[in-house]
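Raw contents of data16.cif, mmCIF, C-alpha atoms:
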```cif
data_data
#
loop_
_atom_site.label_atom_id
_atom_site.label_comp_id
_atom_site.auth_asym_id
_atom_site.auth_seq_id
_atom_site.Cartn_x
_atom_site.Cartn_y
_atom_site.Cartn_z
CA MET Y 1 -7.90 16.76 -11.99
CA THR Y 2 -7.18 19.53 -14.52
CA GLU Y 3 -4.57 21.07 -12.24
CA LYS Y 4 -3.00 17.68 -11.81
CA ASN Y 5 -2.89 17.23 -15.59
CA GLN Y 6 -1.35 20.65 -16.09
CA ALA Y 7 1.31 19.93 -13.49
CA LEU Y 8 2.04 16.64 -15.20
CA GLU Y 9 2.32 18.32 -18.61
CA THR Y 10 4.66 20.95 -17.20
CA MET Y 11 6.82 18.27 -15.62
CA THR Y 12 6.94 16.32 -18.89
CA ALA Y 13 7.88 19.46 -20.84
CA GLN Y 14 10.61 20.27 -18.33
CA ALA Y 15 11.96 16.74 -18.52
CA GLN Y 16 11.98 16.92 -22.33
CA ALA Y 17 13.78 20.29 -22.26
CA ALA Y 18 16.38 18.93 -19.84
CA GLU Y 19 16.87 15.90 -22.06
CA THR Y 20 17.31 18.09 -25.17
CA LEU Y 21 19.82 20.28 -23.34
CA LYS Y 22 21.74 17.20 -22.24
CA ARG Y 23 21.80 15.88 -25.82
CA VAL Y 24 23.00 19.22 -27.20
CA ARG Y 25 25.75 19.44 -24.58
CA ARG Y 26 26.81 15.87 -25.28
CA ARG Y 27 27.08 16.54 -29.03
CA ARG Y 28 29.09 19.68 -28.31
CA SER Y 29 31.47 17.79 -26.01
CA ILE Y 30 31.98 15.07 -28.62
CA ALA Y 31 32.66 17.70 -31.31
CA LEU Y 32 35.20 19.45 -29.06
CA ALA Y 33 36.92 16.16 -28.23
CA GLY Y 34 37.00 15.28 -31.93
CA ALA Y 35 38.50 18.66 -32.82
CA LEU Y 36 41.20 18.31 -30.14
CA ALA Y 37 42.02 14.75 -31.25
CA LEU Y 38 42.24 15.92 -34.87
CA PHE Y 39 44.53 18.76 -33.84
CA ALA Y 40 46.87 16.39 -31.98
CA LEU Y 41 46.86 13.97 -34.92
CA THR Y 42 47.63 16.84 -37.32
CA PHE Y 43 50.71 17.78 -35.27
CA TYR Y 44 51.82 14.15 -35.17
CA VAL Y 45 51.43 13.67 -38.96
CA LEU Y 46 53.04 17.06 -39.65
CA THR Y 47 56.07 16.11 -37.56
CA ILE Y 48 56.48 12.80 -39.38
CA VAL Y 49 56.11 14.49 -42.79
CA LYS Y 50 58.59 17.26 -41.85
CA MET Y 51 61.16 14.66 -40.80
CA GLY Y 52 60.79 13.12 -44.25
CA PRO Y 53 62.45 9.94 -45.53
CA ALA Y 54 65.43 10.57 -43.22
CA LEU Y 55 63.24 9.16 -40.49
CA PHE Y 56 63.88 5.66 -41.81
CA ASP Y 57 67.50 6.29 -42.81
CA ARG Y 58 69.21 5.59 -39.50
CA GLY Y 59 71.10 2.84 -37.75
CA LEU Y 60 69.07 0.45 -35.66
CA MET W 1 17.84 27.36 -18.44
CA THR W 2 19.73 30.50 -17.52
CA TYR W 3 19.54 33.80 -19.35
CA ILE W 4 22.80 35.68 -19.50
CA ASP W 5 23.56 39.17 -20.78
CA ASP W 6 26.81 39.78 -22.59
CA SER W 7 28.86 42.91 -23.14
CA LYS W 8 26.98 43.95 -26.29
CA GLY W 9 23.55 43.64 -24.75
CA MET W 10 22.57 40.55 -26.72
CA PRO W 11 20.66 38.06 -24.60
CA ALA W 12 21.81 34.49 -24.96
CA LEU W 13 20.71 31.16 -23.60
CA ALA W 14 23.55 29.58 -21.67
CA GLY W 15 24.41 26.07 -22.73
CA GLU W 16 21.99 25.96 -25.71
CA ALA W 17 24.42 26.44 -28.59
CA ARG W 18 24.55 23.52 -30.98
CA VAL W 19 27.59 22.38 -32.95
CA GLU W 20 25.91 23.77 -36.09
CA ASP W 21 25.80 27.22 -34.49
CA TYR W 22 29.55 27.23 -34.01
CA LEU W 23 29.98 26.09 -37.61
CA ALA W 24 27.66 28.91 -38.74
CA LEU W 25 29.94 31.39 -36.96
CA LEU W 26 32.67 30.37 -39.41
CA LYS W 27 30.59 31.58 -42.39
CA PRO W 28 30.96 28.34 -44.43
CA ARG W 29 29.95 29.96 -47.74
CA VAL W 30 32.62 32.64 -47.47
CA MET W 31 35.00 29.93 -46.31
CA SER W 32 34.42 27.92 -49.49
CA LEU W 33 35.51 30.90 -51.62
CA VAL W 34 38.57 31.39 -49.41
CA VAL W 35 39.50 27.71 -49.76
CA PHE W 36 39.05 27.78 -53.52
CA THR W 37 41.13 30.92 -54.13
CA ALA W 38 43.85 29.74 -51.72
CA LEU W 39 43.94 26.36 -53.45
CA VAL W 40 44.33 28.06 -56.84
CA GLY W 41 47.18 30.20 -55.46
CA MET W 42 48.84 27.07 -54.11
CA LEU W 43 48.42 24.97 -57.27
CA VAL W 44 49.59 27.57 -59.79
CA ALA W 45 52.61 28.61 -57.72
CA PRO W 46 55.96 27.42 -59.11
CA GLY W 47 57.48 24.50 -57.27
CA GLY W 48 55.69 21.90 -55.26
CA ILE W 49 54.41 21.23 -51.80
CA ASN W 50 54.02 17.97 -49.93
CA PRO W 51 50.34 17.01 -50.34
CA VAL W 52 49.89 16.47 -46.59
CA ILE W 53 51.42 19.86 -45.79
CA GLY W 54 49.33 21.40 -48.59
CA LEU W 55 46.16 19.92 -47.08
CA ILE W 56 47.08 21.19 -43.61
CA ALA W 57 47.79 24.64 -45.11
CA ILE W 58 44.38 24.75 -46.81
CA VAL W 59 42.63 23.69 -43.58
CA CYS W 60 44.55 26.42 -41.68
CA ILE W 61 43.58 29.07 -44.24
CA ALA W 62 39.94 27.90 -44.11
CA ILE W 63 39.88 28.00 -40.30
CA GLY W 64 41.64 31.38 -40.26
CA GLY W 65 39.02 32.71 -42.69
CA GLY W 66 36.28 31.20 -40.53
CA ALA W 67 37.78 32.75 -37.41
CA SER W 68 37.67 36.20 -38.99
CA GLY W 69 34.01 35.47 -39.84
CA ALA W 70 33.33 34.70 -36.16
CA LEU W 71 35.03 37.95 -35.13
CA ASN W 72 32.92 39.78 -37.73
CA MET W 73 29.73 38.26 -36.31
CA TRP W 74 30.82 39.15 -32.78
CA TYR W 75 31.21 42.83 -33.68
CA ASP W 76 28.26 43.06 -36.06
CA ALA W 77 25.69 41.32 -33.84
CA ASP W 78 23.72 44.55 -33.37
CA ILE W 79 23.29 45.24 -37.10
CA ASP W 80 22.82 41.55 -37.91
CA ALA W 81 19.74 41.64 -35.68
CA ILE W 82 18.19 44.30 -37.96
CA MET W 83 18.83 42.82 -41.41
CA SER W 84 16.49 40.04 -42.59
CA ARG W 85 19.40 38.19 -44.24
CA THR W 86 21.35 37.95 -40.98
CA GLN W 87 18.67 37.92 -38.26
CA ASN W 88 18.93 34.18 -37.73
CA ARG W 89 22.69 34.14 -37.16
CA PRO W 90 23.68 32.47 -33.85
CA ILE W 91 24.36 35.69 -31.89
CA PRO W 92 21.31 37.82 -32.84
CA ALA W 93 19.12 34.70 -32.53
CA GLY W 94 20.43 34.33 -28.96
CA ARG W 95 21.96 30.88 -29.36
CA ILE W 96 25.56 31.99 -28.77
CA SER W 97 26.70 34.93 -26.66
CA SER W 98 28.99 37.62 -28.08
CA GLY W 99 31.68 36.68 -25.57
CA GLU W 100 31.65 33.06 -26.71
CA ALA W 101 31.90 34.11 -30.36
CA LEU W 102 34.82 36.44 -29.59
CA THR W 103 36.71 33.74 -27.70
CA PHE W 104 35.96 31.19 -30.42
CA GLY W 105 37.24 33.57 -33.12
CA LEU W 106 40.40 34.54 -31.22
CA VAL W 107 41.33 30.97 -30.30
CA LEU W 108 40.84 29.70 -33.86
CA SER W 109 42.81 32.67 -35.24
CA GLY W 110 45.77 31.90 -32.97
CA PHE W 111 45.78 28.18 -33.70
CA SER W 112 45.37 28.55 -37.48
CA VAL W 113 48.16 31.14 -37.81
CA ALA W 114 50.55 29.17 -35.58
CA LEU W 115 49.89 25.88 -37.36
CA LEU W 116 50.21 27.42 -40.86
CA GLY W 117 53.48 29.07 -39.86
CA LEU W 118 54.86 25.82 -38.47
CA ALA W 119 53.59 23.66 -41.33
CA THR W 120 54.68 25.88 -44.25
CA ASN W 121 56.55 29.11 -43.55
CA TRP W 122 56.08 32.33 -41.59
CA VAL W 123 55.44 34.48 -44.67
CA ALA W 124 52.22 32.48 -45.19
CA GLY W 125 51.50 32.48 -41.44
CA GLY W 126 52.09 36.23 -41.24
CA LEU W 127 49.88 36.87 -44.26
CA LEU W 128 47.06 34.84 -42.68
CA ALA W 129 47.42 36.80 -39.42
CA PHE W 130 47.31 40.06 -41.37
CA THR W 131 44.25 38.89 -43.32
CA ILE W 132 42.35 38.10 -40.11
CA PHE W 133 43.38 41.48 -38.65
CA PHE W 134 42.41 43.28 -41.88
CA TYR W 135 38.96 41.68 -42.05
CA ALA W 136 38.12 41.93 -38.34
CA VAL W 137 39.64 45.31 -37.50
CA ILE W 138 40.16 47.36 -40.67
CA TYR W 139 36.99 46.22 -42.48
CA THR W 140 34.49 45.18 -39.77
CA ILE W 141 35.29 47.60 -36.96
CA TRP W 142 36.54 50.57 -38.94
CA LEU W 143 35.43 50.78 -42.59
CA LYS W 144 32.11 48.94 -42.75
CA ARG W 145 30.14 51.52 -40.77
CA SER W 146 32.07 54.62 -41.78
CA THR W 147 32.50 54.77 -45.56
CA PRO W 148 30.69 53.61 -48.72
CA GLN W 149 34.13 52.52 -49.96
CA ASN W 150 34.00 49.81 -47.24
CA ILE W 151 33.91 46.82 -49.53
CA VAL W 152 36.42 48.29 -52.01
CA ILE W 153 39.17 48.43 -49.38
CA GLY W 154 37.74 45.56 -47.34
CA GLY W 155 37.80 43.44 -50.50
CA ALA W 156 41.53 43.05 -49.94
CA ALA W 157 40.74 40.66 -47.08
CA GLY W 158 39.01 38.32 -49.53
CA ALA W 159 41.86 38.65 -52.01
CA PHE W 160 44.69 37.72 -49.65
CA PRO W 161 44.02 33.92 -49.57
CA THR W 162 45.42 33.54 -53.12
CA MET W 163 48.64 35.16 -51.91
CA ILE W 164 48.66 32.98 -48.78
CA GLY W 165 48.30 29.84 -50.92
CA TRP W 166 51.11 31.05 -53.19
CA ALA W 167 53.34 31.96 -50.22
CA ALA W 168 52.71 28.56 -48.61
CA VAL W 169 54.50 26.99 -51.60
CA THR W 170 57.12 29.61 -52.48
CA GLY W 171 57.69 31.39 -49.18
CA THR W 172 57.51 34.74 -50.97
CA ILE W 173 55.18 37.42 -52.30
CA SER W 174 55.74 37.92 -56.02
CA LEU W 175 54.24 39.86 -58.94
CA GLU W 176 52.37 36.76 -60.06
CA SER W 177 50.64 36.35 -56.70
CA LEU W 178 49.90 40.08 -56.63
CA ALA W 179 48.19 39.69 -60.03
CA LEU W 180 45.88 37.02 -58.57
CA PHE W 181 45.25 39.29 -55.58
CA LEU W 182 44.36 42.12 -57.97
CA ILE W 183 41.74 40.00 -59.78
CA VAL W 184 39.86 39.08 -56.58
CA PHE W 185 40.28 42.64 -55.26
CA LEU W 186 38.74 44.19 -58.40
CA TRP W 187 36.02 41.52 -58.54
CA THR W 188 34.72 42.42 -55.06
CA PRO W 189 33.09 45.85 -55.73
CA PRO W 190 30.88 44.80 -58.69
CA HIS W 191 29.98 41.59 -56.84
CA PHE W 192 28.89 43.26 -53.59
CA TRP W 193 27.41 46.40 -55.11
CA ALA W 194 25.21 44.26 -57.34
CA LEU W 195 23.96 42.54 -54.16
CA ALA W 196 23.58 45.91 -52.42
CA LEU W 197 21.50 47.25 -55.34
CA TYR W 198 18.73 44.73 -54.77
CA LYS W 199 19.18 44.45 -50.98
CA GLN W 200 19.68 48.15 -50.28
CA GLY W 201 16.63 48.39 -48.00
CA ASP W 202 18.27 45.95 -45.60
CA TYR W 203 21.56 47.86 -45.50
CA ALA W 204 19.80 51.22 -45.09
CA ALA W 205 17.76 49.89 -42.14
CA ALA W 206 20.96 48.73 -40.45
CA GLY W 207 22.65 52.09 -41.12
CA ILE W 208 25.48 50.61 -43.19
CA PRO W 209 26.76 53.15 -45.74
CA MET W 210 26.66 50.94 -48.83
CA MET W 211 27.26 52.70 -52.14
CA PRO W 212 23.61 52.64 -53.41
CA ASN W 213 22.35 54.23 -50.17
CA VAL W 214 25.00 56.94 -50.09
CA ALA W 215 25.88 57.79 -53.70
CA GLY W 216 22.64 56.61 -55.29
CA GLU W 217 21.79 53.89 -57.79
CA ALA W 218 23.01 55.73 -60.90
CA SER W 219 26.47 56.35 -59.44
CA THR W 220 26.70 52.75 -58.17
CA LYS W 221 25.83 51.38 -61.60
CA ARG W 222 28.50 53.58 -63.21
CA GLN W 223 31.10 52.46 -60.67
CA ILE W 224 30.15 48.81 -61.18
CA PHE W 225 30.72 49.28 -64.91
CA VAL W 226 34.12 50.96 -64.42
CA TYR W 227 35.35 48.28 -61.99
CA THR W 228 34.09 45.53 -64.29
CA VAL W 229 36.01 46.94 -67.27
CA ILE W 230 39.19 47.31 -65.20
CA LEU W 231 38.70 43.74 -63.90
CA ALA W 232 38.16 42.30 -67.38
CA VAL W 233 41.41 43.96 -68.56
CA SER W 234 43.37 43.06 -65.40
CA ALA W 235 42.36 39.42 -65.83
CA PHE W 236 44.93 39.28 -68.66
CA VAL W 237 47.85 40.19 -66.40
CA PRO W 238 48.53 36.51 -65.50
CA VAL W 239 48.89 35.80 -69.26
CA TYR W 240 51.46 38.59 -69.53
CA LEU W 241 53.33 37.27 -66.47
CA GLY W 242 53.24 33.69 -67.76
CA THR W 243 51.10 32.25 -64.95
CA GLY W 244 48.27 31.64 -67.41
CA GLY W 245 48.50 30.29 -70.96
CA TRP W 246 46.20 30.41 -73.99
CA ILE W 247 43.36 28.48 -72.32
CA TYR W 248 43.26 30.93 -69.43
CA GLY W 249 43.55 33.83 -71.91
CA ALA W 250 40.53 32.56 -73.85
CA VAL W 251 38.53 32.02 -70.65
CA ALA W 252 39.46 35.51 -69.42
CA ALA W 253 38.34 37.03 -72.74
CA ILE W 254 34.99 35.22 -72.89
CA THR W 255 34.02 35.54 -69.22
CA GLY W 256 35.29 39.13 -69.08
CA ALA W 257 33.17 40.06 -72.12
CA GLY W 258 30.14 38.45 -70.44
CA PHE W 259 30.76 40.38 -67.24
CA VAL W 260 31.09 43.70 -69.09
CA TYR W 261 27.94 42.94 -71.11
CA LEU W 262 25.91 42.37 -67.92
CA ALA W 263 27.38 45.51 -66.35
CA VAL W 264 26.29 47.49 -69.44
CA ARG W 265 22.79 46.00 -69.20
CA LEU W 266 22.64 47.06 -65.57
CA LEU W 267 23.90 50.52 -66.48
CA LEU W 268 21.21 50.93 -69.13
CA ALA W 269 18.34 49.29 -67.22
CA PRO W 270 15.39 51.65 -67.82
CA THR W 271 13.13 50.84 -64.89
CA ASN W 272 13.63 49.97 -61.23
CA VAL W 273 12.34 46.43 -61.79
CA ASP W 274 14.76 45.91 -64.70
CA MET W 275 17.57 47.32 -62.63
CA ARG W 276 16.93 44.87 -59.78
CA LYS W 277 16.69 41.98 -62.22
CA ALA W 278 19.94 43.02 -63.94
CA ALA W 279 21.68 43.47 -60.56
CA ARG W 280 20.63 39.99 -59.47
CA ARG W 281 21.89 38.51 -62.75
CA LEU W 282 25.21 40.31 -62.43
CA PHE W 283 25.60 39.11 -58.83
CA THR W 284 24.96 35.47 -59.81
CA TYR W 285 27.25 35.77 -62.83
CA SER W 286 30.06 37.28 -60.73
CA LEU W 287 30.09 34.15 -58.55
CA SER W 288 30.61 31.81 -61.48
CA TYR W 289 32.98 34.29 -63.18
CA LEU W 290 35.68 33.95 -60.52
CA PHE W 291 35.23 30.20 -60.36
CA VAL W 292 35.51 29.68 -64.13
CA LEU W 293 38.38 32.15 -64.50
CA PHE W 294 40.47 30.42 -61.84
CA LEU W 295 39.52 27.04 -63.24
CA GLY W 296 41.04 28.20 -66.55
CA LEU W 297 44.22 29.15 -64.70
CA LEU W 298 44.33 25.75 -63.00
CA THR W 299 43.85 23.96 -66.34
CA ASP W 300 46.78 25.83 -67.90
CA SER W 301 48.96 25.18 -64.89
CA PHE W 302 48.03 21.49 -64.95
CA ILE W 303 48.82 21.19 -68.68
CA ALA W 304 52.15 22.99 -68.21
CA ARG W 305 53.11 20.60 -65.41
CA LEU W 306 52.00 17.61 -67.45
CA GLY W 307 54.19 18.83 -70.35
CA GLY W 308 57.15 19.11 -67.97
CA PHE W 309 56.42 15.63 -66.70
CA TRP W 310 56.41 14.02 -70.18
CA SER W 311 59.39 15.88 -71.63
#
```
Whole structure, structure tokens version:
Amino acid sequence: MTEKNQALETMTAQAQAAETLKRVRRRRSIALAGALALFALTFYVLTIVKMGPALFDRGL
Amino acid sequence: MTYIDDSKGMPALAGEARVEDYLALLKPRVMSLVVFTALVGMLVAPGGINPVIGLIAIVCIAIGGGASGALNMWYDADIDAIMSRTQNRPIPAGRISSGEALTFGLVLSGFSVALLGLATNWVAGGLLAFTIFFYAVIYTIWLKRSTPQNIVIGGAAGAFPTMIGWAAVTGTISLESLALFLIVFLWTPPHFWALALYKQGDYAAAGIPMMPNVAGEASTKRQIFVYTVILAVSAFVPVYLGTGGWIYGAVAAITGAGFVYLAVRLLLAPTNVDMRKAARRLFTYSLSYLFVLFLGLLTDSFIARLGGFWS
């Protein structure tokens, strides 16, 4: 019975550790995706700003 | 979980690093000083900058400064593991491997320099690249472990952001921006030596030749005093060059006098306990000194611009 309990506790601890690892990895992936999206957005905004008001001063 | 060994012999847990660990690699506290001094350089520079481009420039300078911090932590992981102040950093604590920190630092360096160059001009981009190189290679790899003058010369790395901010607006390096550089450069030795005076046990254990360990406390206190006097006088250079007006002049006089007073108290501290207390006070004061001094400069610049706006 005790051995069974110990095995169960070990399994629970392993499952919790795996879950924590998964959560950490997920947060890291989201942060990386956010950083890349922000970088792309920065380039887009920078391009628009660099073009200036002339962007709107053109024939349609 | 897999244990991996990296090139510097630091064990690390693969896949365990949190987002906060990567942020810690960027040394956020140092980054805040870099952002502030760069912002001052940018705001007091003659001419203007598009606010969006200015914001991008500040972010680039902050990330570039953070990247050099990551490179510093990559190289210093072995001594960080010895000092109590740095033991819990991501690499010595085993949360991030040295290789990951190196890649992180190099990638951020490249992106920040390229983006700053494209957003503003290549003088600013080049200065940021040189700053990262200076901090990571000249200071961290070369000077830090070889000479007690490490932070005197290495202090230049912390002083460059004002020039980068200035260059982002003007595209040049001028006497005025060199004067701002000089203030931060001269501020660094008294600031760090005051810290080293009451944390010298840590530095000695790690084998870093800080001034108190090599030249002794008496010599360090004398040098702090000399640098503080030179700093207090040099703080008036922006007034002479016209970057600062009477408000900045008054702030420089009052804060400079306070700095010199605390340096004298440290110099004359009779006992070891008094010395440590005085060193701690000087260190805390030095932090607010730079902030208040540059705030004075910003105020003058703001008033001057407002005057130009109304006339």
Spell out the residues picked by the PyMOL selection byres ((chain W) within 10 of (chain Y)) here, as an mmCIF file with C-alpha atoms, in the frame of the given file.
```
data_model
loop_
_atom_site.group_PDB
_atom_site.id
_atom_site.type_symbol
_atom_site.label_atom_id
_atom_site.label_comp_id
_atom_site.auth_asym_id
_atom_site.auth_seq_id
_atom_site.Cartn_x
_atom_site.Cartn_y
_atom_site.Cartn_z
ATOM 1 C CA MET W 1 17.840 27.360 -18.440
ATOM 2 C CA GLY W 15 24.410 26.070 -22.730
ATOM 3 C CA GLU W 16 21.990 25.960 -25.710
ATOM 4 C CA ALA W 17 24.420 26.440 -28.590
ATOM 5 C CA ARG W 18 24.550 23.520 -30.980
ATOM 6 C CA VAL W 19 27.590 22.380 -32.950
ATOM 7 C CA GLU W 20 25.910 23.770 -36.090
ATOM 8 C CA TYR W 22 29.550 27.230 -34.010
ATOM 9 C CA ASN W 50 54.020 17.970 -49.930
ATOM 10 C CA PRO W 51 50.340 17.010 -50.340
ATOM 11 C CA VAL W 52 49.890 16.470 -46.590
ATOM 12 C CA ILE W 53 51.420 19.860 -45.790
ATOM 13 C CA ILE W 56 47.080 21.190 -43.610
ATOM 14 C CA PHE W 111 45.780 28.180 -33.700
ATOM 15 C CA LEU W 115 49.890 25.880 -37.360
ATOM 16 C CA LEU W 118 54.860 25.820 -38.470
ATOM 17 C CA ALA W 119 53.590 23.660 -41.330
ATOM 18 C CA THR W 120 54.680 25.880 -44.250
#
```
task: One decimal, Å: what's the distance from atom CA of Y:Phe56 over to atom CA of W:Leu55, could you say?
output: 23.3 Å
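Comparing the minimum interatomic distances between W:Leu262 and each of W:Phe236, W:Phe294, W:Phe181, W:Phe225, counting all atoms listed in the file, we find that W:Phe225 sits nearest.
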message: As an exercise, work out the distance from atom CA of W:Thr103 to atom CA of W:Gly154 in Å and give it to one decimal place.
response: 22.9 Å
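Pairwise distance (atom CA of W:Ile96, atom CA of W:Leu23) equals 11.5 Å.
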task: Please write as number ranges by chain the list of polymer residues whose atoms come within 12 Å of (28.0, 35.5, -64.4), counting only C-alpha atoms and keeping to the coordinates of the file.
output: W: 187, 190-191, 194, 228, 254-263, 278-293
message: Assuming the chain letters and numbering stay as they are in my file, what does the PyMOL selection byres ((chain W and resi 177) around 10) actually select? List them as JSON, numbers by chain.
response: {"W": [41, 42, 44, 45, 160, 162, 163, 164, 165, 166, 167, 172, 173, 174, 175, 176, 178, 179, 180, 181, 182, 238, 243]}
message: Neighbouring residues of W:Gly245 were defined as those with any atom within 12 Å, considering all atoms listed in the file; residues of the same chain fewer than 6 positions away were excluded. Please report them as a list in words.
response: Val44, Phe236, Val237, Pro238, Val239, Val251, Ala252, Gly296, Leu297, Leu298, Thr299, Asp300, Ser301, Phe302, Ile303 and Ala304 of chain W
Those same residues - C-alpha atoms - I'd like them written as an mmCIF file, in the frame of the given file.
```cif
data_model
loop_
_atom_site.group_PDB
_atom_site.id
_atom_site.type_symbol
_atom_site.label_atom_id
_atom_site.label_comp_id
_atom_site.auth_asym_id
_atom_site.auth_seq_id
_atom_site.Cartn_x
_atom_site.Cartn_y
_atom_site.Cartn_z
ATOM 1 C CA VAL W 44 49.590 27.570 -59.790
ATOM 2 C CA PHE W 236 44.930 39.280 -68.660
ATOM 3 C CA VAL W 237 47.850 40.190 -66.400
ATOM 4 C CA PRO W 238 48.530 36.510 -65.500
ATOM 5 C CA VAL W 239 48.890 35.800 -69.260
ATOM 6 C CA VAL W 251 38.530 32.020 -70.650
ATOM 7 C CA ALA W 252 39.460 35.510 -69.420
ATOM 8 C CA GLY W 296 41.040 28.200 -66.550
ATOM 9 C CA LEU W 297 44.220 29.150 -64.700
ATOM 10 C CA LEU W 298 44.330 25.750 -63.000
ATOM 11 C CA THR W 299 43.850 23.960 -66.340
ATOM 12 C CA ASP W 300 46.780 25.830 -67.900
ATOM 13 C CA SER W 301 48.960 25.180 -64.890
ATOM 14 C CA PHE W 302 48.030 21.490 -64.950
ATOM 15 C CA ILE W 303 48.820 21.190 -68.680
ATOM 16 C CA ALA W 304 52.150 22.990 -68.210
#
```
message: For this structure, which residues satisfy the selection - the PyMOL selection byres ((chain W and resi 204) around 12) - when it is evaluated on the file as given? I want them as an MDAnalysis selection string.
response: chainID W and resid 79 82:84 145 148 196:203 205:214 216
Report as a tab-separated table (two decimals) with C-alpha atoms, in the coordinates of the input all protein, DNA and RNA residues lying within 12 Å of W:Phe133, evaluated on only C-alpha atoms, omitting residues in the same chain fewer than 3 positions from it.
```
chain	number	residue	atom	x	y	z
W	64	GLY	CA	41.64	31.38	-40.26
W	65	GLY	CA	39.02	32.71	-42.69
W	67	ALA	CA	37.78	32.75	-37.41
W	68	SER	CA	37.67	36.20	-38.99
W	69	GLY	CA	34.01	35.47	-39.84
W	71	LEU	CA	35.03	37.95	-35.13
W	72	ASN	CA	32.92	39.78	-37.73
W	105	GLY	CA	37.24	33.57	-33.12
W	106	LEU	CA	40.40	34.54	-31.22
W	109	SER	CA	42.81	32.67	-35.24
W	110	GLY	CA	45.77	31.90	-32.97
W	113	VAL	CA	48.16	31.14	-37.81
W	126	GLY	CA	52.09	36.23	-41.24
W	127	LEU	CA	49.88	36.87	-44.26
W	128	LEU	CA	47.06	34.84	-42.68
W	129	ALA	CA	47.42	36.80	-39.42
W	130	PHE	CA	47.31	40.06	-41.37
W	136	ALA	CA	38.12	41.93	-38.34
W	137	VAL	CA	39.64	45.31	-37.50
W	138	ILE	CA	40.16	47.36	-40.67
W	139	TYR	CA	36.99	46.22	-42.48
W	140	THR	CA	34.49	45.18	-39.77
W	141	ILE	CA	35.29	47.60	-36.96
W	142	TRP	CA	36.54	50.57	-38.94
W	154	GLY	CA	37.74	45.56	-47.34
W	156	ALA	CA	41.53	43.05	-49.94
W	157	ALA	CA	40.74	40.66	-47.08
W	160	PHE	CA	44.69	37.72	-49.65
```
